[in-house]
Amino acid sequence: MKFEQAMIFAAGFGTRMLPLTKNVPKALLEVNNLTLLEHHLEDLLKCNFKRIIINAHYLSEQITPISKKYGSKVKVLVEDEILETGGGIFNAIKKGYISYDPLILINSDVLCKDRIINSVKKMLGLWDSQKMKILLNLIHKKNFIGYKGDGDFGLQNPNAKISKISPQSKKTSFVFTGLQIFDPYTLSGFTKKKFSLSDVFKKELSKNNMFGRVDSSTWFHISSPHDYDSVIKAYEK
């Protein structure tokens with residue numbers, strides 16, 4: 001299957017990043033002379049995506065000019081209100097920005113030390129539309145700098161190249177990096193305007209349609225000014 005579309009989530013207020021985000025959206029914070037948004041845009045364009053959508057809300061007037069430098073392949077969809085991740089995708093479909101074909105999704109507030117190109121390409125090669133609805137890029141907690149939680153998902157076979165996500169919700173060593181392949185048809189049945197992809201995950205997990213692969217790269221979870229400082233220092237090395 002040929003993938004042609006991707007979406008970057010960049011609509012949030014970045015409240016936990018204050019005061020850094022008082023006058024600039026989190027997606028436009030710079031690391032190594034590029035904004036977080038530009039890091040993802042440049043990598044996705046190198047993977048030959050023909051359509052990359054950025055959803056924006058908070059200080060969206062700052063995000064729109066960034067997209068213009070990349071030409072017609074990159075478009076910004078400004079939301080009048082925060083719709084959350086699931087609502088953001090559904091809104092993009094309703095307004096004709098993306099189709100119901102599976103697409104790459106990524107959060108703007110994460111960063112991969114080795115860039116996301118290899119991770120994206122490996123995921124595209126593992127995708128099987130006959131048995132998957134969602135494929136998550138996971139990582140060991142120790143390799144997710146800045147992450148402080150108990151883990152997100154377990155895997156039925158953690159040593160395999162790809163595995164079904166385990167329905168077990170107890171503490172796990174695997175964390176979701178914010179990068180995934182997503183089949184928009186999983187949104188059928190959701191009627192709310194605003195909803196999170198975590199609601200979709202719960203539904204698909206019960207159907208055994210969620211898979212994961214373990215990424216060996218180092219990733220950064222940027223949710224506080226301290227996390228941001230850690231990323232800056234890591235790129236200076």
# chains A, B, ... in the order shown; residues from 1 in each chain; ligands from 1
call {"tool": "residues_around", "arguments": {"residues": "Lys95 in chain A", "least_positions_apart": "4", "cutoff": "12 Å", "atoms": "only C-alpha atoms", "output": "ChimeraX atom specification"}}
result
/A:53,55,76-79,88-91,99
call {"tool": "select_by_dssp", "arguments": {"residues": "range 5-207 of chain A", "states": "strand (DSSP E)", "output": "ChimeraX atom specification"}}
result
/A:5-10,30-31,34-35,51-56,74-78,103-107,110-112,134-140,144-145,154-155,163-166,174-182
call {"tool": "write_last_selection", "arguments": {"atoms": "C-alpha atoms", "output": "PDB file, in the first residue's frame"}}
result
ATOM      1  CA  GLN A   5      -0.898  11.569   3.743  1.00  0.00           C
ATOM      2  CA  ALA A   6       0.248  12.506   7.227  1.00  0.00           C
ATOM      3  CA  MET A   7      -1.006  14.764   9.994  1.00  0.00           C
ATOM      4  CA  ILE A   8       0.848  16.648  12.727  1.00  0.00           C
ATOM      5  CA  PHE A   9      -1.032  17.645  15.884  1.00  0.00           C
ATOM      6  CA  ALA A  10      -0.126  21.228  16.808  1.00  0.00           C
ATOM      7  CA  GLU A  30      13.370  25.605  18.395  1.00  0.00           C
ATOM      8  CA  VAL A  31      15.804  22.730  18.764  1.00  0.00           C
ATOM      9  CA  LEU A  34      14.707  24.209  13.621  1.00  0.00           C
ATOM     10  CA  THR A  35      11.262  24.385  15.209  1.00  0.00           C
ATOM     11  CA  ARG A  51      -0.171  15.745   1.711  1.00  0.00           C
ATOM     12  CA  ILE A  52       0.825  16.840   5.213  1.00  0.00           C
ATOM     13  CA  ILE A  53      -1.813  18.491   7.362  1.00  0.00           C
ATOM     14  CA  ILE A  54      -1.073  20.497  10.506  1.00  0.00           C
ATOM     15  CA  ASN A  55      -3.988  21.216  12.798  1.00  0.00           C
ATOM     16  CA  ALA A  56      -3.603  24.505  14.662  1.00  0.00           C
ATOM     17  CA  VAL A  74       1.820  21.186   3.477  1.00  0.00           C
ATOM     18  CA  LYS A  75      -1.427  22.759   4.660  1.00  0.00           C
ATOM     19  CA  VAL A  76      -2.609  24.181   7.981  1.00  0.00           C
ATOM     20  CA  LEU A  77      -6.134  23.533   9.201  1.00  0.00           C
ATOM     21  CA  VAL A  78      -7.068  26.134  11.807  1.00  0.00           C
ATOM     22  CA  LEU A 103      -2.164   7.911   7.388  1.00  0.00           C
ATOM     23  CA  ILE A 104       0.800   8.717   9.584  1.00  0.00           C
ATOM     24  CA  LEU A 105       0.013  10.736  12.709  1.00  0.00           C
ATOM     25  CA  ILE A 106       2.561  12.404  14.961  1.00  0.00           C
ATOM     26  CA  ASN A 107       2.448  14.756  17.924  1.00  0.00           C
ATOM     27  CA  VAL A 110       7.986  14.840  20.650  1.00  0.00           C
ATOM     28  CA  LEU A 111      11.356  14.548  18.971  1.00  0.00           C
ATOM     29  CA  CYS A 112      13.460  11.605  17.858  1.00  0.00           C
ATOM     30  CA  ILE A 134      -3.734   1.120  14.363  1.00  0.00           C
ATOM     31  CA  LEU A 135       0.042   0.606  14.515  1.00  0.00           C
ATOM     32  CA  LEU A 136       1.830   2.382  17.355  1.00  0.00           C
ATOM     33  CA  ASN A 137       5.497   3.256  17.518  1.00  0.00           C
ATOM     34  CA  LEU A 138       6.538   2.274  21.038  1.00  0.00           C
ATOM     35  CA  ILE A 139       9.739   2.711  22.976  1.00  0.00           C
ATOM     36  CA  HIS A 140      11.228   1.476  26.248  1.00  0.00           C
ATOM     37  CA  PHE A 144      12.083   8.271  26.264  1.00  0.00           C
ATOM     38  CA  ILE A 145      13.859  11.251  27.819  1.00  0.00           C
ATOM     39  CA  GLY A 154       2.004  -3.881  26.824  1.00  0.00           C
ATOM     40  CA  LEU A 155       2.775  -6.202  23.914  1.00  0.00           C
ATOM     41  CA  SER A 163       3.003  -7.523  18.021  1.00  0.00           C
ATOM     42  CA  LYS A 164      -0.598  -7.102  19.021  1.00  0.00           C
ATOM     43  CA  ILE A 165      -1.077  -4.659  21.861  1.00  0.00           C
ATOM     44  CA  SER A 166      -1.874  -6.420  25.116  1.00  0.00           C
ATOM     45  CA  PHE A 174       6.644   0.451  26.805  1.00  0.00           C
ATOM     46  CA  VAL A 175       5.618   4.025  26.051  1.00  0.00           C
ATOM     47  CA  PHE A 176       3.819   5.421  23.006  1.00  0.00           C
ATOM     48  CA  THR A 177       6.069   7.930  21.207  1.00  0.00           C
ATOM     49  CA  GLY A 178       3.223   9.841  19.559  1.00  0.00           C
ATOM     50  CA  LEU A 179       3.983   8.365  16.119  1.00  0.00           C
ATOM     51  CA  GLN A 180       1.447   5.969  14.602  1.00  0.00           C
ATOM     52  CA  ILE A 181      -0.284   4.685  11.495  1.00  0.00           C
ATOM     53  CA  PHE A 182      -4.010   5.172  11.807  1.00  0.00           C
TER      54      PHE A 182
END
call {"tool": "closest_residue", "arguments": {"among": "A:Ser216, A:Asn48, A:Ser230, A:Met132", "to": "Glu204 in chain A", "atoms": "only C-alpha atoms"}}
result
A:Met132
call {"tool": "atom_distance", "arguments": {"atom1": "CA of Met17 in chain A", "atom2": "CA of Ser223 in chain A"}}
result
6.2 Å
call {"tool": "closest_residue", "arguments": {"among": "A:Glu38, A:Asp128, A:Asp215, A:Asp227", "to": "Ile66 in chain A", "atoms": "only C-alpha atoms"}}
result
A:Glu38
call {"tool": "select_by_dssp", "arguments": {"residues": "range 50-223 of chain A", "states": "alpha helix (DSSP H)", "output": "MDAnalysis selection string"}}
result
chainID A and resid 60:68 84:94 117:126 197:206
call {"tool": "write_last_selection", "arguments": {"atoms": "N, CA, C and O atoms", "output": "compact mmCIF listing (two decimals), in the first residue's frame"}}
result
# COMPACT_ATOMS: atom_id res chain seq x y z
N SER A 60 -2.32 30.28 15.99
CA SER A 60 -2.23 29.65 14.68
C SER A 60 -1.64 30.57 13.61
O SER A 60 -1.07 30.10 12.63
N GLU A 61 -1.77 31.88 13.81
CA GLU A 61 -1.22 32.82 12.83
C GLU A 61 0.30 32.73 12.73
O GLU A 61 0.89 33.17 11.73
N GLN A 62 0.94 32.15 13.76
CA GLN A 62 2.38 31.94 13.70
C GLN A 62 2.74 30.65 12.96
O GLN A 62 3.83 30.52 12.41
N ILE A 63 1.84 29.69 12.98
CA ILE A 63 2.10 28.39 12.35
C ILE A 63 1.90 28.45 10.84
O ILE A 63 2.64 27.83 10.08
N THR A 64 0.90 29.19 10.40
CA THR A 64 0.59 29.25 8.96
C THR A 64 1.78 29.66 8.10
O THR A 64 2.04 29.02 7.07
N PRO A 65 2.56 30.70 8.46
CA PRO A 65 3.71 31.07 7.62
C PRO A 65 4.75 29.97 7.49
O PRO A 65 5.42 29.85 6.47
N ILE A 66 4.91 29.16 8.55
CA ILE A 66 5.88 28.07 8.50
C ILE A 66 5.51 27.09 7.39
O ILE A 66 6.35 26.62 6.63
N SER A 67 4.23 26.80 7.27
CA SER A 67 3.79 25.81 6.29
C SER A 67 4.02 26.30 4.87
O SER A 67 4.32 25.52 3.95
N LYS A 68 3.92 27.61 4.65
CA LYS A 68 4.01 28.15 3.29
C LYS A 68 5.38 27.94 2.66
O LYS A 68 5.50 27.84 1.44
N GLU A 84 -9.37 18.26 20.22
CA GLU A 84 -8.60 17.08 20.66
C GLU A 84 -8.16 16.26 19.44
O GLU A 84 -8.49 16.59 18.30
N THR A 85 -7.43 15.20 19.70
CA THR A 85 -6.80 14.46 18.59
C THR A 85 -7.81 13.76 17.68
O THR A 85 -7.75 13.88 16.46
N GLY A 86 -8.75 13.03 18.27
CA GLY A 86 -9.75 12.34 17.46
C GLY A 86 -10.63 13.31 16.70
O GLY A 86 -10.89 13.15 15.50
N GLY A 87 -11.09 14.35 17.41
CA GLY A 87 -11.93 15.35 16.76
C GLY A 87 -11.17 16.11 15.68
O GLY A 87 -11.75 16.52 14.67
N GLY A 88 -9.86 16.28 15.89
CA GLY A 88 -9.04 16.97 14.90
C GLY A 88 -8.96 16.21 13.59
O GLY A 88 -9.05 16.79 12.50
N ILE A 89 -8.79 14.88 13.68
CA ILE A 89 -8.75 14.06 12.47
C ILE A 89 -10.10 14.08 11.77
O ILE A 89 -10.19 14.25 10.55
N PHE A 90 -11.16 13.91 12.54
CA PHE A 90 -12.50 13.88 11.97
C PHE A 90 -12.82 15.21 11.27
O PHE A 90 -13.42 15.24 10.19
N ASN A 91 -12.40 16.30 11.88
CA ASN A 91 -12.60 17.62 11.29
C ASN A 91 -11.84 17.75 9.96
O ASN A 91 -12.35 18.31 8.98
N ALA A 92 -10.61 17.23 9.93
CA ALA A 92 -9.80 17.29 8.71
C ALA A 92 -10.44 16.48 7.58
O ALA A 92 -10.38 16.87 6.41
N ILE A 93 -11.07 15.37 7.93
CA ILE A 93 -11.76 14.56 6.92
C ILE A 93 -13.00 15.29 6.42
O ILE A 93 -13.23 15.39 5.21
N LYS A 94 -13.80 15.82 7.34
CA LYS A 94 -15.03 16.51 6.96
C LYS A 94 -14.75 17.71 6.04
O LYS A 94 -15.52 18.01 5.14
N ILE A 117 12.62 9.65 10.22
CA ILE A 117 12.57 9.04 8.88
C ILE A 117 12.61 7.52 8.94
O ILE A 117 11.76 6.84 8.36
N ASN A 118 13.60 6.97 9.64
CA ASN A 118 13.74 5.52 9.69
C ASN A 118 12.55 4.87 10.40
O ASN A 118 12.06 3.81 9.98
N SER A 119 12.07 5.50 11.46
CA SER A 119 10.94 4.96 12.19
C SER A 119 9.70 4.92 11.31
O SER A 119 8.96 3.92 11.28
N VAL A 120 9.47 5.99 10.57
CA VAL A 120 8.31 6.06 9.67
C VAL A 120 8.42 4.99 8.58
O VAL A 120 7.45 4.26 8.32
N LYS A 121 9.57 4.88 7.97
CA LYS A 121 9.74 3.91 6.89
C LYS A 121 9.55 2.47 7.38
O LYS A 121 8.96 1.64 6.69
N LYS A 122 10.07 2.17 8.56
CA LYS A 122 9.90 0.82 9.10
C LYS A 122 8.43 0.53 9.38
O LYS A 122 7.94 -0.57 9.12
N MET A 123 7.72 1.51 9.90
CA MET A 123 6.30 1.32 10.19
C MET A 123 5.50 1.10 8.90
O MET A 123 4.63 0.23 8.84
N LEU A 124 5.82 1.87 7.88
CA LEU A 124 5.12 1.72 6.60
C LEU A 124 5.33 0.32 6.03
O LEU A 124 4.43 -0.27 5.44
N GLY A 125 6.54 -0.21 6.23
CA GLY A 125 6.85 -1.55 5.73
C GLY A 125 6.17 -2.66 6.52
O GLY A 125 6.00 -3.77 6.01
N LEU A 126 5.77 -2.36 7.75
CA LEU A 126 5.13 -3.37 8.61
C LEU A 126 3.60 -3.33 8.54
O LEU A 126 2.94 -4.25 9.02
N LEU A 197 -8.04 10.45 20.81
CA LEU A 197 -7.72 9.15 20.21
C LEU A 197 -7.64 8.05 21.26
O LEU A 197 -7.75 6.88 20.92
N SER A 198 -7.45 8.42 22.51
CA SER A 198 -7.43 7.39 23.56
C SER A 198 -8.78 6.67 23.62
O SER A 198 -8.83 5.47 23.93
N ASP A 199 -9.86 7.36 23.28
CA ASP A 199 -11.18 6.71 23.23
C ASP A 199 -11.24 5.70 22.08
O ASP A 199 -11.83 4.63 22.21
N VAL A 200 -10.61 6.05 20.97
CA VAL A 200 -10.55 5.15 19.82
C VAL A 200 -9.68 3.94 20.15
O VAL A 200 -10.01 2.79 19.80
N PHE A 201 -8.57 4.18 20.84
CA PHE A 201 -7.68 3.09 21.23
C PHE A 201 -8.42 2.05 22.07
O PHE A 201 -8.26 0.85 21.87
N LYS A 202 -9.22 2.52 23.01
CA LYS A 202 -9.96 1.58 23.87
C LYS A 202 -10.88 0.70 23.04
O LYS A 202 -11.00 -0.51 23.27
N LYS A 203 -11.53 1.30 22.06
CA LYS A 203 -12.46 0.53 21.22
C LYS A 203 -11.71 -0.50 20.38
O LYS A 203 -12.10 -1.68 20.33
N GLU A 204 -10.63 -0.08 19.75
CA GLU A 204 -9.90 -0.98 18.87
C GLU A 204 -9.13 -2.04 19.64
O GLU A 204 -8.92 -3.16 19.15
N LEU A 205 -8.71 -1.71 20.85
CA LEU A 205 -8.01 -2.69 21.68
C LEU A 205 -8.94 -3.84 22.02
O LEU A 205 -8.54 -5.01 22.03
N SER A 206 -10.20 -3.53 22.25
CA SER A 206 -11.18 -4.58 22.57
C SER A 206 -11.45 -5.47 21.36
O SER A 206 -11.87 -6.61 21.50
call {"tool": "closest_residue", "arguments": {"among": "A:Lys141, A:Lys133, A:Lys46, A:Lys233", "to": "Asp101 in chain A", "atoms": "only C-alpha atoms"}}
result
A:Lys133
call {"tool": "atom_distance", "arguments": {"atom1": "CA of Phe49 in chain A", "atom2": "CA of Phe3 in chain A"}}
result
7.0 Å
call {"tool": "closest_residue", "arguments": {"among": "A:Val231, A:Ile98, A:Met210, A:Leu28", "to": "Pro184 in chain A", "atoms": "only C-alpha atoms"}}
result
A:Ile98
